[in-house]
Amino acid sequence: MALDPNKLAHLYPLDSLRRDTLEHVAAESSLIHYGAGELVFRAGDIDEDLVYLLSGDIEGQYPDGRVKQISADSLQGRYPLGEAQPRRFTAQVSVGGAEVVRMDRRSTEKLLAWDQLCRRRSEMADSAEDQRWVFRLLGSRAFHKLPTGNIERMFSAFEEIWAPSGTAVITEGDAPDNFYVIKQGTASVTKTIDGQPVVVAYLVRGDCFGEDALLSNSRRNATVRVLEDSRLMQLSRPEFETVLKPPAVDWVSVEQATELTRRGARVVDVRLPSEFRQRALRDAINLPLAQLREGAVEQLDRRTPILVYCNTGERSAAACFILTRLGYDVKALQGGLARVLKKQQAPS
């Protein structure tokens with residue numbers, strides 16, 4: 001059952017949100033009913049949720065024996081429950097049960113920032129219908145790592161462009177220039193396979209494209225053509241590299257990568273098959289960057305962490321962004337295979 005936005009309207013800082021933003025937060029939140037004695041979270045837990053108490057009472061039990069009572073009707077009950085990470089106390093439901101709402105911490109923070117920007121910048125104040133692309137974009141896992149401070153610069157740098165039906169916005173083989181988000185409209189993604197153009201995906205409002213080549217510093221690996229008159233948001237390459245590229249990738253060192261694989265991470269080589277056959281990391285599978293989206297669906301499990309690598313890290317950056325957007329927990333090997341070989345050759 002959908003959560004009534006009015007249940008969130010008195011909570012801090014959600015009470016500051018415009019109605020359309022609050023409705024989106026409510027739609028993305030989870031309403032959970034707990035019985036007496038059930039635990040909402042434990043001391044030491046680390047998670048990605050903001051937790052609010054909508055009804056009932058919670059007993060907070062600290063590791064040092066201190067206890068505090070939190071009621072949904074109190075002033076304290078209007079704030080997120082035990083917001084600090086790791087959680088500092090164990091939250092146990094008191095007699096009578098409780099109603100709790102959980103929402104993604106990072107997405108909510110970004111929506112709060114966006115909402116405030118809309119109040120300050122009249123050009124951002126689109127209708128609720130027009131802002132659906134923003135909600136979808138900021139809710140994407142690929143943008144979770146975007147610092148909140150980068151949001152204003154990103155939206156200020158966006159330029160809206162009009163693309164008549166049939167326009168090829170980017171063309172396979174071209175040099176990379178801009179990053180795009182569909183504000184309104186639809187598009188197809190076509191790649192040349194065995195000498196023939198093949199449609200491999202369709203894009204809708206809030207979907208972004210063009211980042212692959214910008215992240216990997218390579219030529220476009222697909223053609224994106226709008227299927228109807230469309231409005232696109234365009235971000236130039238310099239702005240993309242300043243605002244989006246640095247936080248887009250979660251890099252790990254060779255030592256950290258070794259630990260990840262020891263704990264069961266799947267190793268994915270995103271180079272070409274010819275490169276993979278010549279030399280590759282042990283137990284790696286080969287999913288070339290150009291076929292990564294299709295191959296991920298067939299060969300990768302979203303429950304398993306992913307480690308991606310290439311020769312130097314360029315293609316890994318694009319792969320990390322793509323897989324994160326698809327819902328995978330993914331890290332990229334800093335410096336790529338070249339860094340591993342260098343460490344192996346270094347004198348002990």
# chains A, B, ... in the order shown; residues from 1 in each chain; ligands from 1
$ select_by_dssp --residues "segment 121-189 of chain A" --states "strand (DSSP E or B)" --output "list in words"
Glu159, Glu160, Ile161, Trp162, Ala163, Ala168, Val169, Ile170, Asn178, Phe179, Tyr180, Val181, Ile182, Lys183, Gln184, Ala187, Ser188 and Val189 of chain A
$ residues_around --residues "Leu203 of chain A" --least-positions-apart "2" --cutoff "6 Å" --atoms "only C-alpha atoms" --output "list in words"
Thr186, Ala187 and Asp207 of chain A
$ write_last_selection --atoms "C-alpha atoms" --output "mmCIF file, in the first residue's frame"
data_model
loop_
_atom_site.group_PDB
_atom_site.id
_atom_site.type_symbol
_atom_site.label_atom_id
_atom_site.label_comp_id
_atom_site.auth_asym_id
_atom_site.auth_seq_id
_atom_site.Cartn_x
_atom_site.Cartn_y
_atom_site.Cartn_z
ATOM 1 C CA THR A 186 12.123 8.220 -25.557
ATOM 2 C CA ALA A 187 15.163 6.956 -27.460
ATOM 3 C CA ASP A 207 17.598 7.813 -18.242
#
$ closest_residue --among "A:Ser316, A:Gln61, A:Gln196, A:Ser236" --to "Gly210 of chain A" --atoms "only C-alpha atoms"
A:Ser236
$ residues_around --residues "segment 285-294 of chain A" --least-positions-apart "5" --cutoff "8 Å" --atoms "only C-alpha atoms" --output "PyMOL selection string"
chain A and resi 221+267-273+276+315+318-319+322-323
$ write_last_selection --atoms "N, CA, C and O atoms" --output "mmCIF file, in the first residue's frame"
data_model
loop_
_atom_site.group_PDB
_atom_site.id
_atom_site.type_symbol
_atom_site.label_atom_id
_atom_site.label_comp_id
_atom_site.auth_asym_id
_atom_site.auth_seq_id
_atom_site.Cartn_x
_atom_site.Cartn_y
_atom_site.Cartn_z
ATOM 1 N N ASN A 221 30.335 3.984 -28.415
ATOM 2 C CA ASN A 221 30.168 2.573 -28.764
ATOM 3 C C ASN A 221 28.739 2.238 -29.178
ATOM 4 O O ASN A 221 28.382 1.068 -29.327
ATOM 5 N N VAL A 267 35.254 -11.178 -10.232
ATOM 6 C CA VAL A 267 36.222 -10.352 -10.962
ATOM 7 C C VAL A 267 35.825 -10.302 -12.431
ATOM 8 O O VAL A 267 35.662 -11.348 -13.076
ATOM 9 N N VAL A 268 35.671 -9.080 -12.958
ATOM 10 C CA VAL A 268 35.216 -8.897 -14.336
ATOM 11 C C VAL A 268 36.250 -8.087 -15.113
ATOM 12 O O VAL A 268 36.583 -6.958 -14.745
ATOM 13 N N ASP A 269 36.760 -8.678 -16.171
ATOM 14 C CA ASP A 269 37.712 -8.024 -17.078
ATOM 15 C C ASP A 269 36.913 -7.385 -18.205
ATOM 16 O O ASP A 269 36.210 -8.073 -18.953
ATOM 17 N N VAL A 270 36.978 -6.056 -18.338
ATOM 18 C CA VAL A 270 36.143 -5.358 -19.324
ATOM 19 C C VAL A 270 36.912 -5.010 -20.604
ATOM 20 O O VAL A 270 36.466 -4.203 -21.408
ATOM 21 N N ARG A 271 38.067 -5.654 -20.798
ATOM 22 C CA ARG A 271 38.837 -5.425 -22.021
ATOM 23 C C ARG A 271 38.296 -6.294 -23.152
ATOM 24 O O ARG A 271 37.350 -7.076 -22.977
ATOM 25 N N LEU A 272 38.917 -6.167 -24.307
ATOM 26 C CA LEU A 272 38.524 -6.976 -25.463
ATOM 27 C C LEU A 272 38.970 -8.432 -25.272
ATOM 28 O O LEU A 272 39.945 -8.696 -24.556
ATOM 29 N N PRO A 273 38.284 -9.370 -25.922
ATOM 30 C CA PRO A 273 38.663 -10.786 -25.782
ATOM 31 C C PRO A 273 40.119 -11.062 -26.135
ATOM 32 O O PRO A 273 40.767 -11.899 -25.506
ATOM 33 N N PHE A 276 42.145 -10.146 -23.180
ATOM 34 C CA PHE A 276 41.873 -11.094 -22.102
ATOM 35 C C PHE A 276 42.636 -12.399 -22.317
ATOM 36 O O PHE A 276 43.190 -12.974 -21.374
ATOM 37 N N ARG A 315 38.709 2.161 -18.907
ATOM 38 C CA ARG A 315 37.471 1.440 -19.207
ATOM 39 C C ARG A 315 36.772 0.962 -17.943
ATOM 40 O O ARG A 315 35.543 0.827 -17.896
ATOM 41 N N ALA A 318 34.168 3.537 -16.703
ATOM 42 C CA ALA A 318 32.878 3.462 -17.388
ATOM 43 C C ALA A 318 32.102 2.233 -16.938
ATOM 44 O O ALA A 318 30.884 2.294 -16.707
ATOM 45 N N ALA A 319 32.790 1.101 -16.786
ATOM 46 C CA ALA A 319 32.130 -0.132 -16.357
ATOM 47 C C ALA A 319 31.541 0.013 -14.961
ATOM 48 O O ALA A 319 30.434 -0.471 -14.690
ATOM 49 N N ILE A 322 28.327 2.043 -15.214
ATOM 50 C CA ILE A 322 27.255 1.268 -15.853
ATOM 51 C C ILE A 322 26.675 0.240 -14.887
ATOM 52 O O ILE A 322 25.455 0.139 -14.705
ATOM 53 N N LEU A 323 27.541 -0.540 -14.249
ATOM 54 C CA LEU A 323 27.067 -1.610 -13.371
ATOM 55 C C LEU A 323 26.408 -1.061 -12.113
ATOM 56 O O LEU A 323 25.440 -1.634 -11.603
#
$ atom_distance --atom1 "atom CA of Glu99 of chain A" --atom2 "atom CA of Val40 of chain A"
10.4 Å
$ closest_residue --among "A:Val198, A:Val297, A:Val340, A:Val67" --to "Thr312 of chain A" --atoms "only C-alpha atoms"
A:Val340
$ select_by_dssp --residues "segment 144-330 of chain A" --states "alpha helix (DSSP H)" --output "PyMOL selection string"
chain A and resi 148-157+211-216+237-239+245-248+254-262+273-278+292-299+314-325
$ atom_distance --atom1 "atom CA of Ile161 of chain A" --atom2 "atom CA of Gln234 of chain A"
6.9 Å
$ closest_residue --among "A:Tyr180, A:Trp251, A:Phe321, A:Trp162" --to "Ala142 of chain A" --atoms "only C-alpha atoms"
A:Phe321
$ closest_residue --among "A:Gln278, A:Thr304, A:Gln299, A:Gln76" --to "Leu260 of chain A" --atoms "only C-alpha atoms"
A:Thr304
$ residues_around --residues "segment 80-85 of chain A" --least-positions-apart "2" --cutoff "8 Å" --atoms "only C-alpha atoms" --output "number ranges by chain"
A: 12, 44-47, 50-53, 77-78, 87-89
$ write_last_selection --atoms "N, CA and C atoms" --output "PDB file, in the first residue's frame"
ATOM      1  N   TYR A  12      10.967  16.246  10.539  1.00  0.00           N
ATOM      2  CA  TYR A  12      12.105  17.107  10.206  1.00  0.00           C
ATOM      3  C   TYR A  12      13.161  16.295   9.467  1.00  0.00           C
ATOM      4  N   GLY A  44      25.484  -0.478  16.625  1.00  0.00           N
ATOM      5  CA  GLY A  44      26.590  -0.926  15.772  1.00  0.00           C
ATOM      6  C   GLY A  44      26.199  -1.182  14.335  1.00  0.00           C
ATOM      7  N   ASP A  45      24.879  -1.246  14.053  1.00  0.00           N
ATOM      8  CA  ASP A  45      24.442  -1.465  12.672  1.00  0.00           C
ATOM      9  C   ASP A  45      24.868  -0.305  11.778  1.00  0.00           C
ATOM     10  N   ILE A  46      25.233  -0.638  10.546  1.00  0.00           N
ATOM     11  CA  ILE A  46      25.519   0.365   9.524  1.00  0.00           C
ATOM     12  C   ILE A  46      24.599   0.085   8.350  1.00  0.00           C
ATOM     13  N   ASP A  47      23.798   1.059   7.964  1.00  0.00           N
ATOM     14  CA  ASP A  47      22.852   0.861   6.868  1.00  0.00           C
ATOM     15  C   ASP A  47      22.697   2.160   6.088  1.00  0.00           C
ATOM     16  N   LEU A  50      17.229   6.208   6.413  1.00  0.00           N
ATOM     17  CA  LEU A  50      16.695   7.131   7.398  1.00  0.00           C
ATOM     18  C   LEU A  50      15.464   6.442   7.970  1.00  0.00           C
ATOM     19  N   VAL A  51      15.348   6.409   9.292  1.00  0.00           N
ATOM     20  CA  VAL A  51      14.246   5.695   9.943  1.00  0.00           C
ATOM     21  C   VAL A  51      13.435   6.695  10.767  1.00  0.00           C
ATOM     22  N   TYR A  52      12.137   6.760  10.496  1.00  0.00           N
ATOM     23  CA  TYR A  52      11.246   7.649  11.240  1.00  0.00           C
ATOM     24  C   TYR A  52      10.182   6.821  11.960  1.00  0.00           C
ATOM     25  N   LEU A  53       9.842   7.257  13.156  1.00  0.00           N
ATOM     26  CA  LEU A  53       8.793   6.617  13.948  1.00  0.00           C
ATOM     27  C   LEU A  53       7.489   7.374  13.711  1.00  0.00           C
ATOM     28  N   GLY A  77      10.436  12.569  18.453  1.00  0.00           N
ATOM     29  CA  GLY A  77       9.874  11.628  17.500  1.00  0.00           C
ATOM     30  C   GLY A  77       9.692  12.186  16.107  1.00  0.00           C
ATOM     31  N   ARG A  78       9.899  13.484  15.946  1.00  0.00           N
ATOM     32  CA  ARG A  78       9.772  14.087  14.611  1.00  0.00           C
ATOM     33  C   ARG A  78      11.086  14.034  13.829  1.00  0.00           C
ATOM     34  N   ARG A  87      24.857   2.794  14.230  1.00  0.00           N
ATOM     35  CA  ARG A  87      23.789   3.087  15.177  1.00  0.00           C
ATOM     36  C   ARG A  87      24.353   3.036  16.596  1.00  0.00           C
ATOM     37  N   ARG A  88      23.990   4.023  17.411  1.00  0.00           N
ATOM     38  CA  ARG A  88      24.554   4.117  18.761  1.00  0.00           C
ATOM     39  C   ARG A  88      23.752   3.348  19.803  1.00  0.00           C
ATOM     40  N   PHE A  89      22.528   3.012  19.472  1.00  0.00           N
ATOM     41  CA  PHE A  89      21.724   2.263  20.435  1.00  0.00           C
ATOM     42  C   PHE A  89      20.853   1.250  19.705  1.00  0.00           C
TER      43      PHE A  89
END
$ residues_around --residues "Glu59 of chain A" --least-positions-apart "4" --cutoff "8 Å" --atoms "only C-alpha atoms" --output "list of chain:residue names"
A:Val67, A:Lys68, A:Gln69, A:Ile70, A:Thr90, A:Ala91, A:Gln92, A:Val93, A:Ser94
$ write_last_selection --atoms "C-alpha atoms" --output "mmCIF file, in the first residue's frame"
data_model
loop_
_atom_site.group_PDB
_atom_site.id
_atom_site.type_symbol
_atom_site.label_atom_id
_atom_site.label_comp_id
_atom_site.auth_asym_id
_atom_site.auth_seq_id
_atom_site.Cartn_x
_atom_site.Cartn_y
_atom_site.Cartn_z
ATOM 1 C CA VAL A 67 17.964 3.668 28.260
ATOM 2 C CA LYS A 68 15.796 6.353 26.663
ATOM 3 C CA GLN A 69 12.175 6.395 25.557
ATOM 4 C CA ILE A 70 11.132 7.863 22.221
ATOM 5 C CA THR A 90 19.408 -0.676 19.932
ATOM 6 C CA ALA A 91 15.848 0.388 19.085
ATOM 7 C CA GLN A 92 13.204 -1.961 20.484
ATOM 8 C CA VAL A 93 9.467 -1.478 20.047
ATOM 9 C CA SER A 94 7.511 -0.938 23.264
#
$ residues_around --residues "Arg205 of chain A" --least-positions-apart "2" --cutoff "7 Å" --atoms "only C-alpha atoms" --output "list in words"
Trp133, Ile182, Lys183, Gln184, Gly185, Thr186 and Asp207 of chain A
